[in-house]
Amino acid sequence: MNKDKFSVPQEELNKQKEYMNLVRTVITSRYPVEAPKAFVHTYGCQGNVADSEKILGMLSEMGYEFCQSPEEADLVLYNTCAIREHAEDRVFGNVGALKPIKKQRPDMIIALCGCMMQQQSVADRIKNSFSHVNLVFGTHVAYKLPEFMYRILCTGKRVFDITDSDGNIVEGLPVMREGTLRAWIPIMYGCNNFCSYCIVPYVRGRERSRDFDAVLNEVRDVVSAGYKEITLLGQNVNSYNKDLDEDKRFPALLKAISEIEGDFIVRFMTSHPRDCTKELLDVMASSDKIAKHLHLPFQSGNDRVLREMNRHYDREKYLSLIDYAYKVMPELSITSDVIVGFPGETYEEFCDTLSLIERVKYTSLFTFIFSARPGTKAYSMPDPISREEKGKWFKELTDLQEKIAGERTANMKGKTYRVLVEGTAKGEGMLSGRTGGNIIIEFPGDESLIGEFIDVTVTNPRTWIVYGEIAK
Ligand code: SAH
Ligand code: SF4
Ligand code: F3S
């Protein structure tokens with residue numbers, strides 16, 4: 001892959017840095033007493049969260065401070081998601097709700113970005129029916145936020161830029177991370193898989209990988225800044241640098257990260273079963289620094305449905321990966337995504353999904369009812385099963401998963417786990433942490449332990465929360 005094709009040139013980034021300074025000058029004269037406040041809300045996946053951390057970084061450089069509600073904000077920015085219709089409806093609802101707030105505070109700037117905005121039909125709808133929105137920008141031009149802000153502040157005119165492209169890689173933007181323990185690090189962007197139901201390839205462009213050393217350096221930086229949990233992000237991390245030599249592909253990257261000195265744990269998502277290899281599972285098994293958690297979305301347990309979904313693996317291949325993973329990591333925690341009611345799916349086919357869940361015994365599942373996304377192949381597939389019927393199937397699936405999750409957590413009783421203490425929990429003197437398998441454990445302990453790895457023994461496992469005590 002030709003990286004230069006995707007890299008945003010340094011001159012362009014320098015230009016944006018100049019705009020950051022210009023915006024800062026404008027707003028310090030416009031808000032002489034107190035810095036203006038921005039309210040940034042993120043919908044969707046961790047990839048969007050990581051994008052928002054760069055948006056926060058840029059806004060901070062421009063002189064903004066941050067607040068917790070739109071009512072107090074001088075700038076409201078929603079970073080949106082297009083994955084399901086419901087996600088989009090929520091955004092339209094929340095943007096509509098800003099109208100009366102803006103009426104009271106006409107100087108407020110309202111900005112919308114992210115995957116949903118990358119769709120022409122959405123941008124048009126905002127343009128025509130939401131006149132209180134000042135700025136709409138798509139996923140490929142997010143790094144131009146300083147320029148957009150400057151134009152709005154100087155002219156007062158609305159700005160719309162949803163330029164489509166294969167996508168880009170932008171290095172060197174300021175990042176303001178949402179916490180002090182967990183760091184999200186994108187290793188690749190976009191997607192080439194075109195699963196027939198999915199909007200992501202249309203709104204995020206082609207698959208492209210960040211430079212191996214750039215990722216390593218960022219991990220080193222966050223580890224030395226004290227971050228304890230690093231999550232590598234991509235729609236399909238297993239195809240990271242897939243056209244380069246083996247020593248630059250995902251298993252090699254994960255291995256190299258696990259060899260960085262320091263007290264931290266590394267996770268990754270999402271793994272696509274199509275490109276997941278035994279070699280990757282071996283690397284996972286080889287280091288205590290790699291969380292024993294694999295998020296491996298299967299979507300459906302039926303081969304015909306998988307083919308219609310364009311997933312490029314079958315039930316057998318999926319299960320052979322799972323069997324190998326459990327063989328090399330018996331304590332592995334596996335999670336997954338599953339779609340109920342894909343167009344044309346029959347009840348018998350859905351039962352294959354249930355039996356796969358029964359066989360794999362997931363720790364937890366992200367379960368979705370199929371949502372038709374305009375522009376995708378599945379949008380126009382005949383879909384005879386009613387929403388009500390799909391709702392029944394969905395309930396059957398979640399009931400089964402609840403039973404399995406309960407059995408899995410019950411098995412944890414009496415065992416001791418290394419836990420990263422993340423904060424306080426409900427109840428006097430209670431702390432909350434997560435195991436490498438991504439299971440939340442609550443236990444009594446002193447707040448000074450927050451941010452540390454400690455051993456916790458499980459005493460009282462419930463289905464969704466497991467209670468324990470600090471190991472003796
Ligand atoms: N790249 C990841 C998934 C990212 S989207 C992968 O391929 O595994 C997260 C999840 O949303 C998907 O795994 C899928 O289960 C769900 N999803 C995506 N499009 C959907 C749609 N149109 N309707 C319902 N669920 C959908
Ligand atoms: Fe969507 Fe499939 Fe790409 Fe995942 S792999 S983002 S489900 S197209
Ligand atoms: Fe949503 Fe875009 Fe992520 S569609 S799930 S925010 S890549």
# chains A, B, ... in the order shown; residues from 1 in each chain; ligands from 1
>>> residues_near_ligand(ligand="ligand 3", cutoff="6 Å", atoms="only C-alpha atoms and all ligand atoms", output="PyMOL selection string")
chain A and resi 44-45+47-48+81-83+115+200
>>> write_last_selection(atoms="N, CA and C atoms", output="PDB file, in the first residue's frame")
ATOM      1  N   GLY A  44     -21.512   6.382  18.933  1.00  0.00           N
ATOM      2  CA  GLY A  44     -20.865   5.352  18.117  1.00  0.00           C
ATOM      3  C   GLY A  44     -19.697   4.665  18.782  1.00  0.00           C
ATOM      4  N   CYS A  45     -18.767   4.215  17.953  1.00  0.00           N
ATOM      5  CA  CYS A  45     -17.737   3.280  18.418  1.00  0.00           C
ATOM      6  C   CYS A  45     -16.521   3.991  19.005  1.00  0.00           C
ATOM      7  N   GLY A  47     -13.674   4.161  17.782  1.00  0.00           N
ATOM      8  CA  GLY A  47     -12.982   4.913  16.729  1.00  0.00           C
ATOM      9  C   GLY A  47     -13.456   6.360  16.740  1.00  0.00           C
ATOM     10  N   ASN A  48     -14.741   6.537  16.961  1.00  0.00           N
ATOM     11  CA  ASN A  48     -15.277   7.892  17.052  1.00  0.00           C
ATOM     12  C   ASN A  48     -14.787   8.595  18.312  1.00  0.00           C
ATOM     13  N   CYS A  81     -22.781   8.905  14.621  1.00  0.00           N
ATOM     14  CA  CYS A  81     -22.621   7.528  14.148  1.00  0.00           C
ATOM     15  C   CYS A  81     -23.779   7.174  13.224  1.00  0.00           C
ATOM     16  N   ALA A  82     -23.510   6.376  12.196  1.00  0.00           N
ATOM     17  CA  ALA A  82     -24.543   6.046  11.210  1.00  0.00           C
ATOM     18  C   ALA A  82     -24.864   4.559  11.178  1.00  0.00           C
ATOM     19  N   ILE A  83     -24.382   3.810  12.172  1.00  0.00           N
ATOM     20  CA  ILE A  83     -24.403   2.357  12.046  1.00  0.00           C
ATOM     21  C   ILE A  83     -25.819   1.782  11.977  1.00  0.00           C
ATOM     22  N   CYS A 115     -19.562   9.988  11.099  1.00  0.00           N
ATOM     23  CA  CYS A 115     -20.024   9.102  10.026  1.00  0.00           C
ATOM     24  C   CYS A 115     -21.376   9.479   9.434  1.00  0.00           C
ATOM     25  N   VAL A 200     -20.240   1.446   7.204  1.00  0.00           N
ATOM     26  CA  VAL A 200     -18.905   1.968   7.532  1.00  0.00           C
ATOM     27  C   VAL A 200     -17.997   2.196   6.309  1.00  0.00           C
TER      28      VAL A 200
END
>>> residues_near_ligand(ligand="ligand 2", cutoff="8 Å", atoms="only C-alpha atoms and all ligand atoms", output="list in words")
Gly190, Cys191, Asn192, Asn193, Phe194, Cys195, Ser196, Tyr197, Cys198, Ile199, Val200, Pro201, Gln235, Asn236, Thr270, His272 and Arg311 of chain A
>>> write_last_selection(atoms="N, CA and C atoms", output="PDB file, in the first residue's frame")
ATOM      1  N   GLY A 190     -10.816   3.122   8.230  1.00  0.00           N
ATOM      2  CA  GLY A 190     -11.579   2.692   7.056  1.00  0.00           C
ATOM      3  C   GLY A 190     -11.833   1.199   7.045  1.00  0.00           C
ATOM      4  N   CYS A 191     -12.471   0.747   5.985  1.00  0.00           N
ATOM      5  CA  CYS A 191     -12.785  -0.676   5.855  1.00  0.00           C
ATOM      6  C   CYS A 191     -13.015  -1.027   4.393  1.00  0.00           C
ATOM      7  N   ASN A 192     -12.501  -2.173   3.980  1.00  0.00           N
ATOM      8  CA  ASN A 192     -12.693  -2.637   2.599  1.00  0.00           C
ATOM      9  C   ASN A 192     -13.627  -3.824   2.505  1.00  0.00           C
ATOM     10  N   ASN A 193     -14.238  -4.214   3.612  1.00  0.00           N
ATOM     11  CA  ASN A 193     -14.945  -5.493   3.602  1.00  0.00           C
ATOM     12  C   ASN A 193     -16.340  -5.452   2.995  1.00  0.00           C
ATOM     13  N   PHE A 194     -16.960  -4.304   3.045  1.00  0.00           N
ATOM     14  CA  PHE A 194     -18.306  -4.181   2.465  1.00  0.00           C
ATOM     15  C   PHE A 194     -19.224  -5.330   2.858  1.00  0.00           C
ATOM     16  N   CYS A 195     -19.334  -5.597   4.142  1.00  0.00           N
ATOM     17  CA  CYS A 195     -20.381  -6.499   4.616  1.00  0.00           C
ATOM     18  C   CYS A 195     -21.696  -5.883   4.124  1.00  0.00           C
ATOM     19  N   SER A 196     -22.608  -6.728   3.663  1.00  0.00           N
ATOM     20  CA  SER A 196     -23.717  -6.175   2.865  1.00  0.00           C
ATOM     21  C   SER A 196     -24.660  -5.278   3.668  1.00  0.00           C
ATOM     22  N   TYR A 197     -24.616  -5.371   4.997  1.00  0.00           N
ATOM     23  CA  TYR A 197     -25.517  -4.559   5.829  1.00  0.00           C
ATOM     24  C   TYR A 197     -24.886  -3.250   6.283  1.00  0.00           C
ATOM     25  N   CYS A 198     -23.571  -3.076   6.051  1.00  0.00           N
ATOM     26  CA  CYS A 198     -22.819  -2.096   6.850  1.00  0.00           C
ATOM     27  C   CYS A 198     -22.506  -0.803   6.095  1.00  0.00           C
ATOM     28  N   ILE A 199     -22.672   0.294   6.771  1.00  0.00           N
ATOM     29  CA  ILE A 199     -22.470   1.617   6.180  1.00  0.00           C
ATOM     30  C   ILE A 199     -21.000   2.079   6.291  1.00  0.00           C
ATOM     31  N   VAL A 200     -20.240   1.446   7.204  1.00  0.00           N
ATOM     32  CA  VAL A 200     -18.905   1.968   7.532  1.00  0.00           C
ATOM     33  C   VAL A 200     -17.997   2.196   6.309  1.00  0.00           C
ATOM     34  N   PRO A 201     -17.883   1.220   5.373  1.00  0.00           N
ATOM     35  CA  PRO A 201     -16.975   1.457   4.244  1.00  0.00           C
ATOM     36  C   PRO A 201     -17.355   2.693   3.418  1.00  0.00           C
ATOM     37  N   GLN A 235     -11.350  -1.194  12.351  1.00  0.00           N
ATOM     38  CA  GLN A 235     -12.534  -1.995  12.024  1.00  0.00           C
ATOM     39  C   GLN A 235     -12.157  -3.449  11.816  1.00  0.00           C
ATOM     40  N   ASN A 236     -10.906  -3.684  11.500  1.00  0.00           N
ATOM     41  CA  ASN A 236     -10.454  -5.036  11.190  1.00  0.00           C
ATOM     42  C   ASN A 236      -8.943  -5.082  11.460  1.00  0.00           C
ATOM     43  N   THR A 270     -11.486  -4.065  16.350  1.00  0.00           N
ATOM     44  CA  THR A 270     -12.173  -5.328  16.297  1.00  0.00           C
ATOM     45  C   THR A 270     -11.392  -6.311  15.439  1.00  0.00           C
ATOM     46  N   HIS A 272     -11.644  -9.224  12.764  1.00  0.00           N
ATOM     47  CA  HIS A 272     -12.580  -9.831  11.815  1.00  0.00           C
ATOM     48  C   HIS A 272     -12.162 -11.293  11.647  1.00  0.00           C
ATOM     49  N   ARG A 311     -19.439 -12.024   4.556  1.00  0.00           N
ATOM     50  CA  ARG A 311     -18.475 -12.051   5.659  1.00  0.00           C
ATOM     51  C   ARG A 311     -17.192 -12.838   5.341  1.00  0.00           C
TER      52      ARG A 311
END
>>> atom_distance(atom1="atom CA of Ser209 of chain A", atom2="atom CA of Asp245 of chain A")
13.4 Å
>>> residues_around(residues="Ser336 of chain A", least_positions_apart="6", cutoff="9 Å", atoms="only C-alpha atoms", output="PyMOL selection string")
chain A and resi 294-299+362-367
>>> closest_residue(among="A:Asp455, A:Glu207, A:Glu178, A:Asp166", to="ligand 1", atoms="only C-alpha atoms and all ligand atoms")
A:Glu207
>>> atom_distance(atom1="atom CA of Asp221 of chain A", atom2="atom CA of Glu61 of chain A")
19.6 Å
>>> closest_residue(among="A:Ser52, A:Thr139, A:Ser371, A:Gln401", to="ligand 1", atoms="only C-alpha atoms and all ligand atoms")
A:Ser371
>>> residues_around(residues="segment 321-332 of chain A", least_positions_apart="4", cutoff="8 Å", atoms="only C-alpha atoms", output="PyMOL selection string")
chain A and resi 273+276-278+281-282+285+292-294+317+360+437
>>> closest_residue(among="A:Thr409, A:Ser131, A:Thr80, A:Thr463", to="Leu98 of chain A", atoms="only C-alpha atoms")
A:Ser131
>>> decode(residues="segment 310-456 of chain A", atoms="C-alpha atoms", output="compact mmCIF listing (two decimals), in the first residue's frame")
# COMPACT_ATOMS: atom_id res chain seq x y z
CA ASN A 310 -20.48 -11.05 2.58
CA ARG A 311 -18.48 -12.05 5.66
CA HIS A 312 -15.98 -14.38 3.91
CA TYR A 313 -15.86 -17.08 6.59
CA ASP A 314 -18.17 -19.90 7.54
CA ARG A 315 -19.30 -21.40 10.82
CA GLU A 316 -16.64 -24.08 10.65
CA LYS A 317 -13.76 -21.66 10.16
CA TYR A 318 -15.12 -19.46 12.95
CA LEU A 319 -15.41 -22.38 15.37
CA SER A 320 -11.96 -23.69 14.52
CA LEU A 321 -10.51 -20.30 15.49
CA ILE A 322 -12.48 -20.39 18.74
CA ASP A 323 -11.35 -23.94 19.53
CA TYR A 324 -7.73 -23.01 18.94
CA ALA A 325 -8.08 -19.83 21.01
CA TYR A 326 -9.48 -21.78 24.00
CA LYS A 327 -6.78 -24.41 23.54
CA VAL A 328 -3.92 -21.90 23.86
CA MET A 329 -5.77 -19.65 26.37
CA PRO A 330 -8.16 -21.73 28.49
CA GLU A 331 -9.19 -18.66 30.53
CA LEU A 332 -9.92 -16.57 27.44
CA SER A 333 -12.94 -14.31 27.52
CA ILE A 334 -14.65 -14.08 24.15
CA THR A 335 -17.18 -11.43 23.19
CA SER A 336 -18.93 -10.84 19.91
CA ASP A 337 -21.42 -8.88 17.82
CA VAL A 338 -24.51 -10.55 16.38
CA ILE A 339 -27.28 -9.40 14.07
CA VAL A 340 -30.80 -10.78 14.42
CA GLY A 341 -33.23 -10.65 11.51
CA PHE A 342 -30.91 -10.10 8.55
CA PRO A 343 -33.13 -9.85 5.42
CA GLY A 344 -34.37 -13.31 4.45
CA GLU A 345 -33.11 -15.02 7.62
CA THR A 346 -35.49 -17.81 8.63
CA TYR A 347 -36.20 -18.97 12.17
CA GLU A 348 -34.26 -22.19 11.46
CA GLU A 349 -31.26 -20.15 10.36
CA PHE A 350 -31.57 -17.99 13.45
CA CYS A 351 -31.46 -21.21 15.52
CA ASP A 352 -27.95 -21.80 14.10
CA THR A 353 -26.99 -18.50 15.71
CA LEU A 354 -28.38 -19.75 19.04
CA SER A 355 -26.49 -23.02 18.81
CA LEU A 356 -23.25 -21.22 18.01
CA ILE A 357 -23.69 -19.03 21.08
CA GLU A 358 -24.34 -22.13 23.16
CA ARG A 359 -21.19 -23.74 21.76
CA VAL A 360 -18.79 -20.77 22.17
CA LYS A 361 -20.06 -19.57 25.56
CA TYR A 362 -19.42 -15.87 25.18
CA THR A 363 -18.71 -13.66 28.17
CA SER A 364 -21.02 -11.06 26.66
CA LEU A 365 -22.60 -10.14 23.34
CA PHE A 366 -23.47 -6.94 21.55
CA THR A 367 -26.80 -7.83 19.97
CA PHE A 368 -28.49 -5.87 17.21
CA ILE A 369 -31.68 -6.19 15.21
CA PHE A 370 -30.89 -5.63 11.53
CA SER A 371 -31.30 -2.00 10.50
CA ALA A 372 -31.53 -1.22 6.79
CA ARG A 373 -28.92 1.40 5.85
CA PRO A 374 -29.57 3.30 2.61
CA GLY A 375 -26.79 2.73 0.09
CA THR A 376 -25.83 -0.75 1.34
CA LYS A 377 -26.59 -3.95 -0.54
CA ALA A 378 -28.85 -5.34 2.19
CA TYR A 379 -31.02 -2.22 2.09
CA SER A 380 -32.89 -3.51 -0.95
CA MET A 381 -32.99 -7.21 -0.02
CA PRO A 382 -36.49 -8.63 0.60
CA ASP A 383 -37.13 -8.61 4.34
CA PRO A 384 -40.41 -10.41 5.04
CA ILE A 385 -40.07 -11.04 8.80
CA SER A 386 -41.88 -8.42 10.88
CA ARG A 387 -40.12 -6.26 13.43
CA GLU A 388 -42.32 -7.81 16.10
CA GLU A 389 -41.22 -11.33 15.16
CA LYS A 390 -37.55 -10.25 15.11
CA GLY A 391 -38.11 -8.78 18.55
CA LYS A 392 -39.17 -12.23 19.81
CA TRP A 393 -36.06 -13.86 18.34
CA PHE A 394 -33.94 -11.13 19.85
CA LYS A 395 -35.41 -11.81 23.29
CA GLU A 396 -34.76 -15.52 22.89
CA LEU A 397 -31.14 -14.77 22.09
CA THR A 398 -30.57 -12.33 24.95
CA ASP A 399 -32.21 -14.77 27.41
CA LEU A 400 -29.82 -17.49 26.28
CA GLN A 401 -26.82 -15.19 26.58
CA GLU A 402 -27.90 -14.09 30.05
CA LYS A 403 -27.97 -17.73 31.15
CA ILE A 404 -24.50 -18.36 29.68
CA ALA A 405 -23.04 -15.18 31.17
CA GLY A 406 -24.43 -16.20 34.58
CA GLU A 407 -22.81 -19.64 34.29
CA ARG A 408 -19.51 -18.10 33.27
CA THR A 409 -19.41 -15.62 36.14
CA ALA A 410 -20.54 -18.34 38.61
CA ASN A 411 -17.42 -20.22 37.60
CA MET A 412 -15.28 -17.31 38.74
CA LYS A 413 -16.18 -17.87 42.40
CA GLY A 414 -13.11 -18.38 44.58
CA LYS A 415 -10.68 -17.54 41.77
CA THR A 416 -8.25 -14.63 41.90
CA TYR A 417 -7.86 -12.15 39.05
CA ARG A 418 -5.48 -9.34 38.28
CA VAL A 419 -7.66 -6.26 38.08
CA LEU A 420 -7.02 -2.69 36.99
CA VAL A 421 -8.75 -0.48 39.56
CA GLU A 422 -10.64 2.15 37.62
CA GLY A 423 -12.66 4.11 40.15
CA THR A 424 -15.20 4.00 42.90
CA ALA A 425 -18.38 1.94 42.70
CA LYS A 426 -21.84 2.30 44.22
CA GLY A 427 -21.79 1.67 47.96
CA GLU A 428 -19.62 3.03 50.77
CA GLY A 429 -15.91 2.25 50.29
CA MET A 430 -16.44 0.21 47.12
CA LEU A 431 -14.06 0.20 44.16
CA SER A 432 -14.56 -0.96 40.61
CA GLY A 433 -12.08 -2.60 38.31
CA ARG A 434 -11.88 -4.83 35.26
CA THR A 435 -10.15 -8.13 34.66
CA GLY A 436 -8.07 -8.82 31.58
CA GLY A 437 -11.16 -10.63 30.29
CA ASN A 438 -13.01 -7.30 30.54
CA ILE A 439 -15.26 -8.38 33.41
CA ILE A 440 -16.20 -5.75 35.97
CA ILE A 441 -15.42 -6.64 39.58
CA GLU A 442 -16.48 -4.54 42.54
CA PHE A 443 -14.82 -4.86 45.92
CA PRO A 444 -14.14 -2.88 49.10
CA GLY A 445 -10.86 -0.98 49.10
CA ASP A 446 -9.13 2.33 49.56
CA GLU A 447 -9.37 4.99 46.85
CA SER A 448 -5.60 5.24 46.78
CA LEU A 449 -5.66 1.97 44.79
CA ILE A 450 -7.33 3.64 41.79
CA GLY A 451 -4.99 3.31 38.82
CA GLU A 452 -3.19 0.26 40.20
CA PHE A 453 -3.24 -3.37 39.18
CA ILE A 454 -4.19 -5.56 42.16
CA ASP A 455 -5.30 -9.15 42.75
CA VAL A 456 -8.95 -9.61 43.64
